[in-house]
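Trainee: Mind looking over this structure? Questions follow.
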Amino acid sequence: MQVAYTPAEIASIVGAQRTAGHATHAVTDIAALTAARAGDLSFLGNTKYKAQVATSAATVILLPLDYAGEPRADQVFLFVENPSVALARLCARIEQSLWPKPIPGIHPSAVIDPTAVVDPTAHIGPLCVIEAGARIGPGTVLQASVFIGQGASLGADCFLLPGAMVAAACTLGRRVRLQPGAVVGSDGFGYEFVNGRHEKVPQIGIVAIGDDVEIGANATLDRARFSRTVVGEGTKIDNLVQIAHNVIIGRHCILCAQVGISGSTTLEDYCVMGGQAGAAGHLTFGKGSKVGAQAGVTTDLAPGSYVLGNPAIPVMLERRIAILSQRLPDLFKRVDRLEQPVRPE
Amino acid sequence: MQVAYTPAEIASIVGAQRTAGHATHAVTDIAALTAARAGDLSFLGNTKYKAQVATSAATVILLPLDYAGEPRADQVFLFVENPSVALARLCARIEQSLWPKPIPGIHPSAVIDPTAVVDPTAHIGPLCVIEAGARIGPGTVLQASVFIGQGASLGADCFLLPGAMVAAACTLGRRVRLQPGAVVGSDGFGYEFVNGRHEKVPQIGIVAIGDDVEIGANATLDRARFSRTVVGEGTKIDNLVQIAHNVIIGRHCILCAQVGISGSTTLEDYCVMGGQAGAAGHLTFGKGSKVGAQAGVTTDLAPGSYVLGNPAIPVMLERRIAILSQRLPDLFKRVDRLEQPVRPE
Amino acid sequence: MQVAYTPAEIASIVGAQRTAGHATHAVTDIAALTAARAGDLSFLGNTKYKAQVATSAATVILLPLDYAGEPRADQVFLFVENPSVALARLCARIEQSLWPKPIPGIHPSAVIDPTAVVDPTAHIGPLCVIEAGARIGPGTVLQASVFIGQGASLGADCFLLPGAMVAAACTLGRRVRLQPGAVVGSDGFGYEFVNGRHEKVPQIGIVAIGDDVEIGANATLDRARFSRTVVGEGTKIDNLVQIAHNVIIGRHCILCAQVGISGSTTLEDYCVMGGQAGAAGHLTFGKGSKVGAQAGVTTDLAPGSYVLGNPAIPVMLERRIAILSQRLPDLFKRVDRLEQPVRPE
């Protein structure tokens with residue numbers, strides 16, 4: 001990092017309630033307790049690592065109010081309500097200082113259709129393309145080489161990283177963040193089998209994305225066959241996730257990397273899917289359902305379900321089966337023995 | 001959607017054989033029977049939803065010829081041979097009206113090598129790159145920010161969406177459609193392990209793609225080590241699919257999202273792989289083989305096979321095992337009981 | 001291919017120790033022994049294909065020194081120490097001839113911040129973007145539409161294919177190769193759940209990539225929450241792989257296509273993960289661990305482990321369970337029989 005803060009500056013940023021010790025070094029980096037060296041800030045985010053504080057070489061350590069212990073020489077302890085939240089606050093400050101939000105304006109190399117409407121407070125970076133009739137909201141940033149299709153609409157304060165794409169007629173709410181290479185609005189995968197050939201079914205719907213959604217790098221969201229593919233407010237989608245046409249995702253869901261959701265499936269609010277999990281088509285996952293990593297869901301899920309495996313079943317049963325499966329070699333031997341004729345003793 | 005059709009216009013587009021009812025609304029959107037509101041068109045694509053017709057608020061409903069029932073007030077029934085096909089026909093018309101094919105010409109921001117040959121009826125959108133010796137066929141569209149490598153060749157009437165890439169020397173047939181971010185011709189993943197290091201094996205083959213192939217968003221197709229990676233005519237490949245070097249895919253196959261096929265494997269015609277399924281290398285899948293979602297295939301498949309699981313086995317056996325596995329806790333108890341010494345009564 | 005070599009030229013390139021036969025054709029392509037036709041070169045890389053040599057129509061065949069047999073009319077045998085290595089040497093020559101390294105210089109359409117430092121021997125292709133303070137080393141090539149973020153640093157002789165991206169502050173060593181669409185430095189997927197919403201945790205660390213690393217098409221590597229996500233020297237990463245924040249990958253590892261590694265997991269040197277395998281977060285895989293295709297690893301692995309399945313267990317046990325599982329239908333029947341009351345005879 002190319003930043004440096006004195007312990008006093010950090011105390012002020014995180015709102016430390018108490019300070020102990022002195023340090024001459026400025027803080028120029030952040031590290032875990034055991035990895036930290038002079039010039040690093042560290043933190044006790046989980047009490048199970050408490051013992052690591054005493055031997056940490058960090059120059060500054062964020063600690064909970066009830067931590068009992070004294071800093072070493074040339075070390076500062078900062079006591080705060082919640083060290084993890086304090087760290088996030090510091091990181092936000094560092095981020096702003098490292099990578100300040102670009103100033104409004106349109107780079108001369110961007111190609112913008114004259115009928116597109118770009119808010120004067122938006123930032124359109126180099127080599128972006130904005131097609132006819134598209135609308136870019138106030139404060140929105142297209143970093144570089146971003147594509148916005150015909151008639152697409154982006155709300156206020158969105159941030160689209162390089163190579164992100166929003167295809168024709170799709171809509172983003174406010175504060176939507178697209179990571180590099182994310183694709184919103186590719187064609188749904190729909191064909192009819194006619195005379196031995198797969199004939200394309202036109203995909204004329206859109207993707208509609210709510211406020212505060214984040215979409216990961218190279219993730220793909222297909223436009224609806226007709227009507228809308230939907231991602232609800234506050235939902236976070238990780239890298240390389242696939243969302244098929246007419247999927248409806250509720251609010252505040254979490255989809256980890258490489259998840260795949262087949263066409264017309266609905267996730268209600270607060271669902272979570274672990275990495276590489278998959279969902280068949282035309283299903284409904286009730287509110288707050290959890291799907292374990294690599295699970296393959298083939299049935300509707302009741303609200304609050306937690307499933308694992310393929311086909312996915314309740315997590316406790318799946319785990320029990322996994323354990324019993326490892327005892328199959330023994331079970332086969334036991335049945336072999338039972339089948340032996342009883343010998344007279 | 002920004003379209004509007006009168007019921008009479010729709011009757012004409014879909015070739016309705018009979019009409020019933022009257023409506024004052026124009027149709028401006030499409031929706032499922034239960035979701036439809038005034039101004040929407042809906043359709044009865046599957047007879048199991050027959051009961052929903054009577055209560056649907058759609059302004060226009062496409063129905064099979066043998067449907068018995070009367071439209072409500074301000075509602076029109078259109079009777080057609082096949083409502084799904086009729087809908088597809090209507091959608092194609094809407095698509096054409098929403099997003100007409102771009103007119104021929106080369107955007108001034110495109111960077112085209114003077115030795116490339118671009119047909120005068122092709123459309124080269126903004127910020128495309130076409131390298132030396134590449135050939136672009138008649139009627140082909142590169143929407144924006146598309147990359148065509150040295151000596152690559154695209155047939156007639158291809159459509160490449162933003163960020164699609166065709167690397168050096170690769171070939172596309174006619175009417176090939178690449179979704180955003182699709183990569184044709186990345187290097188195959190080949191190394192030799194020499195003195196503790198993985199030394200790269202040059203990948204000098206190509207990818208050859210037949211007519212009427214569609215490739216999904218951010219899918220990746222590797223060039224051959226030498227000779228060709230092949231995708232046969234009419235095959236459809238979904239988003240985020242990985243095709244390794246020297247894979248040969250037959251005609252009219254379907255590869256769902258996030259499928260991965262390892263090097264030198266061959267799929268004969270009409271194979272289907274479900275989402276997130278994988279194939280090991282150097283295998284052959286016989287004509288019409290089906291591989292279930294998330295399956296991991298490690299052996300050749302006979303023509304017409306249908307397999308599931310990892311390692312993939314015939315679907316009926318895999319399903320039976322899944323059911324019996326859920327009874328393992330009980331089976332272990334039963335064997336425990338059998339092992340109890342018989343008590344004298 | 002658009003190359004042609006006489007048999008004598010090939011003998012010289014591969015360093016043949018002995019030649020047999022004569023041929024009038026030039027060699028213009030490479031093919032497997034059974035697929036080869038006149039004008040093709042083929043090779044005996046694996047002795048199990050020995051019998052195919054006698055009937056191969058290849059014009060030139062690379063053979064091991066101890067191969068006994070005579071060429072057909074119009075055919076040349078070239079005897080070498082190791083035919084696979086000889087072929088790789090020939091392919092490298094062909095590659096160089098087909099696709100020579102671009103000459104130094106900056107394409108006028110590239111957008112380069114005046115504070116970026118581009119070595120005069122680097123090649124910056126059309127429509128690349130290089131942000132403020134970035135550094136591009138000698139001999140490095142950005143082919144086209146490549147994005148280099150603020151303060152990022154690339155060593156000597158890197159090669160970045162179209163659409164590859166290196167985000168702010170990330171670093172590449174020497175001779176790093178990024179395939180098309182590869183993303184280095186997307187945000188880590190980190191949120192805190194506060195008042196029913198997932199609040200973004202700033203991701204201010206970087207990705208640091210060692211020498212001789214290759215990263216596949218549309219693969220994604222997330223920047224660290226703080227500190228660094230690391231890929232060690234000589235590691236090769238295939239297409240569509242996902243590396244989460246703060247992952248540490250050792251030297252000379254192999255990650256096959258569509259692998260996913262969750263946050264803060266460490267792979268020591270020489271680990272191998274098969275296609276579509278996944279690793280949970282905060283794990284350590286010991287040196288030389290192997291993870292089979294589609295496995296889901298949920299525990300630390302001892303050095304030299306070889307695991308399979310989900311949850312991943314030692315490969316021998318997993319394979320034994322797979323076989324026994326297929327015998328479950330029979331086992332249930334056997335237990336049913338055992339439970340029958342013993343009939344008096």
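Identifiers in this document derive from the order of the structure tokens: chains are assigned A, B, ..., residues are numbered from 1 separately in each chain, and ligands are numbered from 1 in order of occurrence.
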Which residues in stretch 93-211 of chain C does DSSP call strand (DSSP E or B)? List them as a VMD selection string.
Mentor: chain C and resid 105 to 106 111 to 112 117 to 118 123 to 124 129 to 130 135 to 136 141 to 142 147 to 148 153 to 154 159 to 160 165 to 166 171 to 172 177 to 178 183 to 186 191 to 194 197 to 200 206 to 209
Trainee: Which chain C residues are at most 9 Å from chain B (counting only C-alpha atoms), as a ChimeraX atom specification?
Mentor: /C:1,29-32,85,88-89,91-92,94-95,98-99,109,126-127,144-145,161-163,179-181,216-218,234-240,252-254,256-258,270,275-276,293-294,309,319,322,325-329,332,335,338-339
Trainee: Write out as a list in words each polymer residue whose atoms come within 12 Å of B:Glu81, counting only C-alpha atoms; drop sequence neighbours fewer than 3 positions from it.
Mentor: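 So, after excluding close chain neighbours, the residues are Val14, Gly15, Ala16, Gln17, Arg18, Leu44, Gly45, Leu62, Leu63, Pro64, Leu65, Asp66, Tyr67, Leu78, Ser84, Val85, Ala86 and Leu87 of chain B.
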Trainee: Export all heavy atoms of the chosen residues as a compact mmCIF listing (two decimals), in the first residue's frame?
Mentor:
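Wrote it out as result_27.txt, contents follow:
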```
# COMPACT_ATOMS: atom_id res chain seq x y z
N VAL B 14 -49.17 -14.28 -36.03
CA VAL B 14 -49.09 -15.68 -35.62
C VAL B 14 -49.92 -16.59 -36.53
O VAL B 14 -49.88 -17.81 -36.37
CB VAL B 14 -49.55 -15.89 -34.15
CG1 VAL B 14 -48.73 -15.02 -33.21
CG2 VAL B 14 -51.05 -15.61 -33.99
N GLY B 15 -50.64 -16.01 -37.47
CA GLY B 15 -51.45 -16.83 -38.37
C GLY B 15 -52.61 -17.52 -37.65
O GLY B 15 -52.81 -18.73 -37.82
N ALA B 16 -53.36 -16.77 -36.86
CA ALA B 16 -54.46 -17.36 -36.09
C ALA B 16 -55.53 -17.91 -37.03
O ALA B 16 -55.87 -17.29 -38.04
CB ALA B 16 -55.08 -16.31 -35.17
N GLN B 17 -56.03 -19.12 -36.70
CA GLN B 17 -57.05 -19.73 -37.55
C GLN B 17 -58.45 -19.27 -37.14
O GLN B 17 -59.38 -19.36 -37.93
CB GLN B 17 -56.95 -21.26 -37.46
CG GLN B 17 -55.57 -21.73 -37.92
CD GLN B 17 -55.55 -23.21 -38.23
OE1 GLN B 17 -56.59 -23.85 -38.34
NE2 GLN B 17 -54.35 -23.77 -38.41
N ARG B 18 -58.56 -18.83 -35.90
CA ARG B 18 -59.85 -18.39 -35.41
C ARG B 18 -59.63 -17.37 -34.31
O ARG B 18 -58.63 -17.45 -33.58
CB ARG B 18 -60.64 -19.59 -34.85
CG ARG B 18 -62.12 -19.31 -34.57
CD ARG B 18 -62.91 -20.63 -34.55
NE ARG B 18 -62.52 -21.50 -33.43
CZ ARG B 18 -62.97 -21.36 -32.17
NH1 ARG B 18 -63.82 -20.38 -31.87
NH2 ARG B 18 -62.59 -22.19 -31.23
N LEU B 44 -51.24 -20.66 -23.83
CA LEU B 44 -51.38 -21.97 -23.19
C LEU B 44 -50.43 -22.93 -23.90
O LEU B 44 -50.77 -23.54 -24.92
CB LEU B 44 -52.83 -22.45 -23.29
CG LEU B 44 -53.12 -23.83 -22.67
CD1 LEU B 44 -52.74 -23.86 -21.19
CD2 LEU B 44 -54.59 -24.19 -22.86
N GLY B 45 -49.21 -23.03 -23.35
CA GLY B 45 -48.18 -23.85 -24.01
C GLY B 45 -48.24 -25.30 -23.55
O GLY B 45 -47.74 -26.19 -24.23
N LEU B 62 -53.03 -16.89 -26.61
CA LEU B 62 -52.84 -17.85 -27.71
C LEU B 62 -53.26 -19.23 -27.22
O LEU B 62 -52.75 -19.71 -26.21
CB LEU B 62 -51.38 -17.89 -28.15
CG LEU B 62 -50.75 -16.55 -28.55
CD1 LEU B 62 -49.26 -16.72 -28.86
CD2 LEU B 62 -51.48 -15.97 -29.75
N LEU B 63 -54.16 -19.88 -27.96
CA LEU B 63 -54.74 -21.15 -27.49
C LEU B 63 -54.71 -22.20 -28.59
O LEU B 63 -54.77 -21.86 -29.78
CB LEU B 63 -56.20 -20.91 -27.08
CG LEU B 63 -56.38 -20.02 -25.84
CD1 LEU B 63 -57.81 -19.52 -25.76
CD2 LEU B 63 -56.01 -20.79 -24.58
N PRO B 64 -54.65 -23.47 -28.20
CA PRO B 64 -54.71 -24.53 -29.21
C PRO B 64 -56.12 -24.60 -29.81
O PRO B 64 -57.10 -24.19 -29.18
CB PRO B 64 -54.38 -25.80 -28.43
CG PRO B 64 -54.67 -25.47 -27.01
CD PRO B 64 -54.48 -24.00 -26.84
N LEU B 65 -56.21 -25.18 -31.00
CA LEU B 65 -57.47 -25.17 -31.75
C LEU B 65 -58.60 -25.84 -30.98
O LEU B 65 -59.77 -25.45 -31.11
CB LEU B 65 -57.28 -25.88 -33.11
CG LEU B 65 -56.30 -25.17 -34.05
CD1 LEU B 65 -56.06 -26.02 -35.29
CD2 LEU B 65 -56.83 -23.79 -34.43
N ASP B 66 -58.26 -26.83 -30.14
CA ASP B 66 -59.31 -27.60 -29.47
C ASP B 66 -59.69 -27.03 -28.09
O ASP B 66 -60.42 -27.67 -27.35
CB ASP B 66 -58.89 -29.06 -29.33
CG ASP B 66 -57.63 -29.19 -28.48
OD1 ASP B 66 -57.06 -28.15 -28.05
OD2 ASP B 66 -57.20 -30.33 -28.25
N TYR B 67 -59.18 -25.85 -27.75
CA TYR B 67 -59.55 -25.28 -26.45
C TYR B 67 -61.01 -24.86 -26.47
O TYR B 67 -61.44 -24.15 -27.38
CB TYR B 67 -58.65 -24.08 -26.12
CG TYR B 67 -59.04 -23.44 -24.79
CD1 TYR B 67 -58.56 -23.96 -23.59
CD2 TYR B 67 -59.91 -22.35 -24.74
CE1 TYR B 67 -58.92 -23.40 -22.37
CE2 TYR B 67 -60.28 -21.78 -23.53
CZ TYR B 67 -59.78 -22.31 -22.35
OH TYR B 67 -60.15 -21.77 -21.15
N LEU B 78 -56.92 -16.15 -29.42
CA LEU B 78 -56.45 -16.46 -30.76
C LEU B 78 -56.14 -17.95 -30.81
O LEU B 78 -55.31 -18.44 -30.04
CB LEU B 78 -55.20 -15.65 -31.10
CG LEU B 78 -55.34 -14.12 -31.11
CD1 LEU B 78 -54.00 -13.46 -31.44
CD2 LEU B 78 -56.41 -13.70 -32.11
N SER B 84 -46.96 -22.47 -28.60
CA SER B 84 -45.55 -22.18 -28.33
C SER B 84 -44.84 -21.69 -29.59
O SER B 84 -44.06 -20.74 -29.55
CB SER B 84 -44.84 -23.43 -27.80
OG SER B 84 -45.34 -23.77 -26.52
N VAL B 85 -45.12 -22.36 -30.69
CA VAL B 85 -44.52 -21.93 -31.95
C VAL B 85 -45.05 -20.55 -32.34
O VAL B 85 -44.30 -19.69 -32.81
CB VAL B 85 -44.79 -22.97 -33.06
CG1 VAL B 85 -44.42 -22.42 -34.43
CG2 VAL B 85 -44.03 -24.27 -32.76
N ALA B 86 -46.33 -20.32 -32.11
CA ALA B 86 -46.92 -19.02 -32.43
C ALA B 86 -46.26 -17.93 -31.60
O ALA B 86 -45.95 -16.83 -32.10
CB ALA B 86 -48.43 -19.05 -32.16
N LEU B 87 -46.01 -18.24 -30.33
CA LEU B 87 -45.36 -17.25 -29.46
C LEU B 87 -43.95 -16.95 -29.95
O LEU B 87 -43.53 -15.79 -29.99
CB LEU B 87 -45.31 -17.78 -28.02
CG LEU B 87 -44.65 -16.81 -27.04
CD1 LEU B 87 -45.53 -15.59 -26.80
CD2 LEU B 87 -44.34 -17.50 -25.72
```
Trainee: As a PyMOL selection string, please: all residues of stretch 21-182 of chain B that backbone DSSP puts in alpha helix (DSSP H).
Mentor: chain B and resi 83-98
Trainee: For those residues, write all heavy atoms to a file as a short mmCIF file (atom, residue, chain, number, x, y, z; two decimals), in the first residue's frame.
Mentor:
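The new file selection.cif reads:
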```cif
data_model
loop_
_atom_site.label_atom_id
_atom_site.label_comp_id
_atom_site.auth_asym_id
_atom_site.auth_seq_id
_atom_site.Cartn_x
_atom_site.Cartn_y
_atom_site.Cartn_z
N PRO B 83 -49.47 -23.11 -29.85
CA PRO B 83 -49.28 -21.81 -29.19
C PRO B 83 -47.81 -21.47 -28.91
O PRO B 83 -47.42 -20.30 -29.00
CB PRO B 83 -50.07 -21.96 -27.88
CG PRO B 83 -51.12 -22.98 -28.19
CD PRO B 83 -50.46 -23.94 -29.14
N SER B 84 -46.96 -22.47 -28.60
CA SER B 84 -45.55 -22.18 -28.33
C SER B 84 -44.84 -21.69 -29.59
O SER B 84 -44.06 -20.74 -29.55
CB SER B 84 -44.84 -23.43 -27.80
OG SER B 84 -45.34 -23.77 -26.52
N VAL B 85 -45.12 -22.36 -30.69
CA VAL B 85 -44.52 -21.93 -31.95
C VAL B 85 -45.05 -20.55 -32.34
O VAL B 85 -44.30 -19.69 -32.81
CB VAL B 85 -44.79 -22.97 -33.06
CG1 VAL B 85 -44.42 -22.42 -34.43
CG2 VAL B 85 -44.03 -24.27 -32.76
N ALA B 86 -46.33 -20.32 -32.11
CA ALA B 86 -46.92 -19.02 -32.43
C ALA B 86 -46.26 -17.93 -31.60
O ALA B 86 -45.95 -16.83 -32.10
CB ALA B 86 -48.43 -19.05 -32.16
N LEU B 87 -46.01 -18.24 -30.33
CA LEU B 87 -45.36 -17.25 -29.46
C LEU B 87 -43.95 -16.95 -29.95
O LEU B 87 -43.53 -15.79 -29.99
CB LEU B 87 -45.31 -17.78 -28.02
CG LEU B 87 -44.65 -16.81 -27.04
CD1 LEU B 87 -45.53 -15.59 -26.80
CD2 LEU B 87 -44.34 -17.50 -25.72
N ALA B 88 -43.23 -18.01 -30.32
CA ALA B 88 -41.86 -17.80 -30.82
C ALA B 88 -41.87 -16.90 -32.06
O ALA B 88 -41.01 -16.04 -32.22
CB ALA B 88 -41.20 -19.15 -31.12
N ARG B 89 -42.88 -17.11 -32.89
CA ARG B 89 -42.99 -16.30 -34.10
C ARG B 89 -43.22 -14.82 -33.73
O ARG B 89 -42.62 -13.92 -34.30
CB ARG B 89 -44.13 -16.83 -34.97
CG ARG B 89 -44.01 -16.46 -36.42
CD ARG B 89 -45.09 -17.15 -37.25
NE ARG B 89 -44.90 -18.61 -37.31
CZ ARG B 89 -45.83 -19.47 -37.75
NH1 ARG B 89 -47.02 -19.01 -38.16
NH2 ARG B 89 -45.58 -20.75 -37.78
N LEU B 90 -44.08 -14.62 -32.77
CA LEU B 90 -44.36 -13.25 -32.32
C LEU B 90 -43.09 -12.62 -31.70
O LEU B 90 -42.76 -11.47 -31.97
CB LEU B 90 -45.50 -13.26 -31.30
CG LEU B 90 -45.81 -11.90 -30.65
CD1 LEU B 90 -46.28 -10.89 -31.70
CD2 LEU B 90 -46.86 -12.06 -29.56
N CYS B 91 -42.41 -13.43 -30.89
CA CYS B 91 -41.19 -12.91 -30.24
C CYS B 91 -40.13 -12.53 -31.27
O CYS B 91 -39.41 -11.54 -31.10
CB CYS B 91 -40.62 -13.93 -29.26
SG CYS B 91 -41.63 -14.13 -27.77
N ALA B 92 -40.02 -13.33 -32.32
CA ALA B 92 -39.05 -13.02 -33.36
C ALA B 92 -39.38 -11.66 -33.99
O ALA B 92 -38.50 -10.84 -34.26
CB ALA B 92 -39.04 -14.12 -34.42
N ARG B 93 -40.69 -11.42 -34.20
CA ARG B 93 -41.11 -10.15 -34.77
C ARG B 93 -40.79 -9.00 -33.80
O ARG B 93 -40.30 -7.94 -34.21
CB ARG B 93 -42.62 -10.18 -35.06
CG ARG B 93 -43.18 -8.86 -35.59
CD ARG B 93 -42.67 -8.54 -37.00
NE ARG B 93 -43.28 -9.46 -37.94
CZ ARG B 93 -44.40 -9.22 -38.63
NH1 ARG B 93 -44.98 -8.04 -38.53
NH2 ARG B 93 -44.92 -10.12 -39.44
N ILE B 94 -41.06 -9.23 -32.53
CA ILE B 94 -40.79 -8.18 -31.54
C ILE B 94 -39.28 -7.89 -31.48
O ILE B 94 -38.84 -6.74 -31.46
CB ILE B 94 -41.30 -8.61 -30.15
CG1 ILE B 94 -42.83 -8.72 -30.15
CG2 ILE B 94 -40.84 -7.62 -29.08
CD1 ILE B 94 -43.40 -9.34 -28.89
N GLU B 95 -38.50 -8.96 -31.48
CA GLU B 95 -37.04 -8.82 -31.41
C GLU B 95 -36.53 -7.95 -32.56
O GLU B 95 -35.73 -7.04 -32.37
CB GLU B 95 -36.41 -10.21 -31.49
CG GLU B 95 -34.90 -10.21 -31.27
CD GLU B 95 -34.32 -11.61 -31.40
OE1 GLU B 95 -34.80 -12.38 -32.26
OE2 GLU B 95 -33.39 -11.93 -30.65
N GLN B 96 -37.05 -8.25 -33.74
CA GLN B 96 -36.63 -7.53 -34.94
C GLN B 96 -37.00 -6.05 -34.82
O GLN B 96 -36.27 -5.18 -35.28
CB GLN B 96 -37.37 -8.15 -36.12
CG GLN B 96 -36.73 -7.94 -37.46
CD GLN B 96 -37.59 -8.62 -38.54
OE1 GLN B 96 -38.26 -9.63 -38.28
NE2 GLN B 96 -37.59 -8.04 -39.73
N SER B 97 -38.15 -5.82 -34.18
CA SER B 97 -38.61 -4.44 -34.07
C SER B 97 -37.84 -3.71 -32.97
O SER B 97 -37.49 -2.52 -33.11
CB SER B 97 -40.12 -4.48 -33.80
OG SER B 97 -40.52 -3.46 -32.94
N LEU B 98 -37.55 -4.42 -31.85
CA LEU B 98 -36.79 -3.79 -30.76
C LEU B 98 -35.33 -3.56 -31.15
O LEU B 98 -34.77 -2.51 -30.88
CB LEU B 98 -36.80 -4.71 -29.53
CG LEU B 98 -38.05 -4.79 -28.70
CD1 LEU B 98 -37.88 -5.85 -27.62
CD2 LEU B 98 -38.37 -3.44 -28.08
#
```
Trainee: Contacts of C:Ala302 at 8 Å or less, counting only C-alpha atoms, minus same-chain residues fewer than 3 places along, as a PDB file with all heavy atoms, in the first residue's frame?
Mentor:
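The file below, around34.pdb, is the result:
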```
ATOM      1  N   PHE C 285      -3.337 -27.080   2.126  1.00  0.00           N
ATOM      2  CA  PHE C 285      -3.045 -28.319   1.400  1.00  0.00           C
ATOM      3  C   PHE C 285      -1.534 -28.486   1.420  1.00  0.00           C
ATOM      4  O   PHE C 285      -0.795 -27.653   0.884  1.00  0.00           O
ATOM      5  CB  PHE C 285      -3.491 -28.228  -0.064  1.00  0.00           C
ATOM      6  CG  PHE C 285      -4.980 -28.168  -0.277  1.00  0.00           C
ATOM      7  CD1 PHE C 285      -5.879 -28.091   0.781  1.00  0.00           C
ATOM      8  CD2 PHE C 285      -5.499 -28.199  -1.566  1.00  0.00           C
ATOM      9  CE1 PHE C 285      -7.249 -28.041   0.576  1.00  0.00           C
ATOM     10  CE2 PHE C 285      -6.872 -28.146  -1.785  1.00  0.00           C
ATOM     11  CZ  PHE C 285      -7.741 -28.068  -0.716  1.00  0.00           C
ATOM     12  N   GLY C 286      -1.055 -29.582   1.994  1.00  0.00           N
ATOM     13  CA  GLY C 286       0.376 -29.806   2.080  1.00  0.00           C
ATOM     14  C   GLY C 286       1.014 -29.996   0.712  1.00  0.00           C
ATOM     15  O   GLY C 286       0.339 -30.253  -0.289  1.00  0.00           O
ATOM     16  N   LYS C 287       2.324 -29.882   0.693  1.00  0.00           N
ATOM     17  CA  LYS C 287       3.100 -29.959  -0.547  1.00  0.00           C
ATOM     18  C   LYS C 287       2.746 -31.202  -1.358  1.00  0.00           C
ATOM     19  O   LYS C 287       2.677 -32.300  -0.819  1.00  0.00           O
ATOM     20  CB  LYS C 287       4.588 -29.975  -0.194  1.00  0.00           C
ATOM     21  CG  LYS C 287       5.491 -29.937  -1.409  1.00  0.00           C
ATOM     22  CD  LYS C 287       6.956 -29.850  -1.006  1.00  0.00           C
ATOM     23  CE  LYS C 287       7.833 -29.929  -2.261  1.00  0.00           C
ATOM     24  NZ  LYS C 287       9.260 -29.881  -1.945  1.00  0.00           N
ATOM     25  N   SER C 289      -0.024 -32.151  -2.676  1.00  0.00           N
ATOM     26  CA  SER C 289      -1.363 -32.738  -2.552  1.00  0.00           C
ATOM     27  C   SER C 289      -2.029 -32.827  -3.921  1.00  0.00           C
ATOM     28  O   SER C 289      -1.842 -31.949  -4.762  1.00  0.00           O
ATOM     29  CB  SER C 289      -2.252 -31.874  -1.647  1.00  0.00           C
ATOM     30  OG  SER C 289      -1.740 -31.817  -0.346  1.00  0.00           O
ATOM     31  N   SER C 305      -1.042 -35.927  -0.024  1.00  0.00           N
ATOM     32  CA  SER C 305      -2.386 -36.526  -0.021  1.00  0.00           C
ATOM     33  C   SER C 305      -2.907 -36.660  -1.443  1.00  0.00           C
ATOM     34  O   SER C 305      -2.513 -35.910  -2.337  1.00  0.00           O
ATOM     35  CB  SER C 305      -3.379 -35.621   0.727  1.00  0.00           C
ATOM     36  OG  SER C 305      -2.985 -35.423   2.050  1.00  0.00           O
TER      37      SER C 305
END
```
Trainee: So which residues touch A:Leu178 within 6 Å, counting only C-alpha atoms, skipping near sequence neighbours fewer than 5 positions away, as a PyMOL selection string?
Mentor: chain A and resi 160+214-215
